[in-house]
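First the structure, in the form of structure tokens, and then the observations on it.
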Amino acid sequence: MYVQLLLLYTGVYSLDAVRSTPFLSSFFKDAFNCTILAFTLNTAAYTTEIFSGAIKATPRWRTRTARAFGMSGWTLYRCIILPSALRRALPAYSNEVILMLHATTLARLPLCLIS
């Protein structure tokens, strides 16, 4: 997380394409915008991995049984796969939320380096 913050604070603004575009230049000058972008990208990546792993971990016998009973793809997903995946993903996702709360302390350090 620290490396991501530093790359967004210093690395992106050093690119000529970013400096020459008025919107991007004003966006990446503000350290708060860089922090929000870094946290959003980090959380989105981890959340995607958590939920995709939980969906892939659904036992095949559950989906085969549901198909044997004649469930369509959407009904199978809504009634079998999603509830099962959410039960598996909730502990890992709550850990991710706690880790992001801890990571907010990292946002103060690069802000001090820029000023």
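Just so we're on the same page: first chain in the structure tokens is A, next is B, and so on; residues restart at 1 for each chain, and ligands are numbered from 1 in the order they show up.
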Just want the 12 Å neighbourhood of segment 35-51 of chain A, counted on only C-alpha atoms, with same-chain residues fewer than 3 positions away dropped. Output as an MDAnalysis selection string.
chainID A and resid 1:10 12 27:32 54:58 81:111
Point-to-point distance in Å for atom CA of Gly53 of chain A and atom CA of Gly70 of chain A:
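Separating atom CA of Gly70 of chain A from atom CA of Gly53 of chain A is a distance of 25.7 Å.
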Atom-to-atom span, atom CA of Gly11 of chain A and atom CA of Asn33 of chain A, Å:
14.2 Å
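Of note, atom CA of Cys79 of chain A and atom CA of Ala66 of chain A are spaced 9.4 Å apart.
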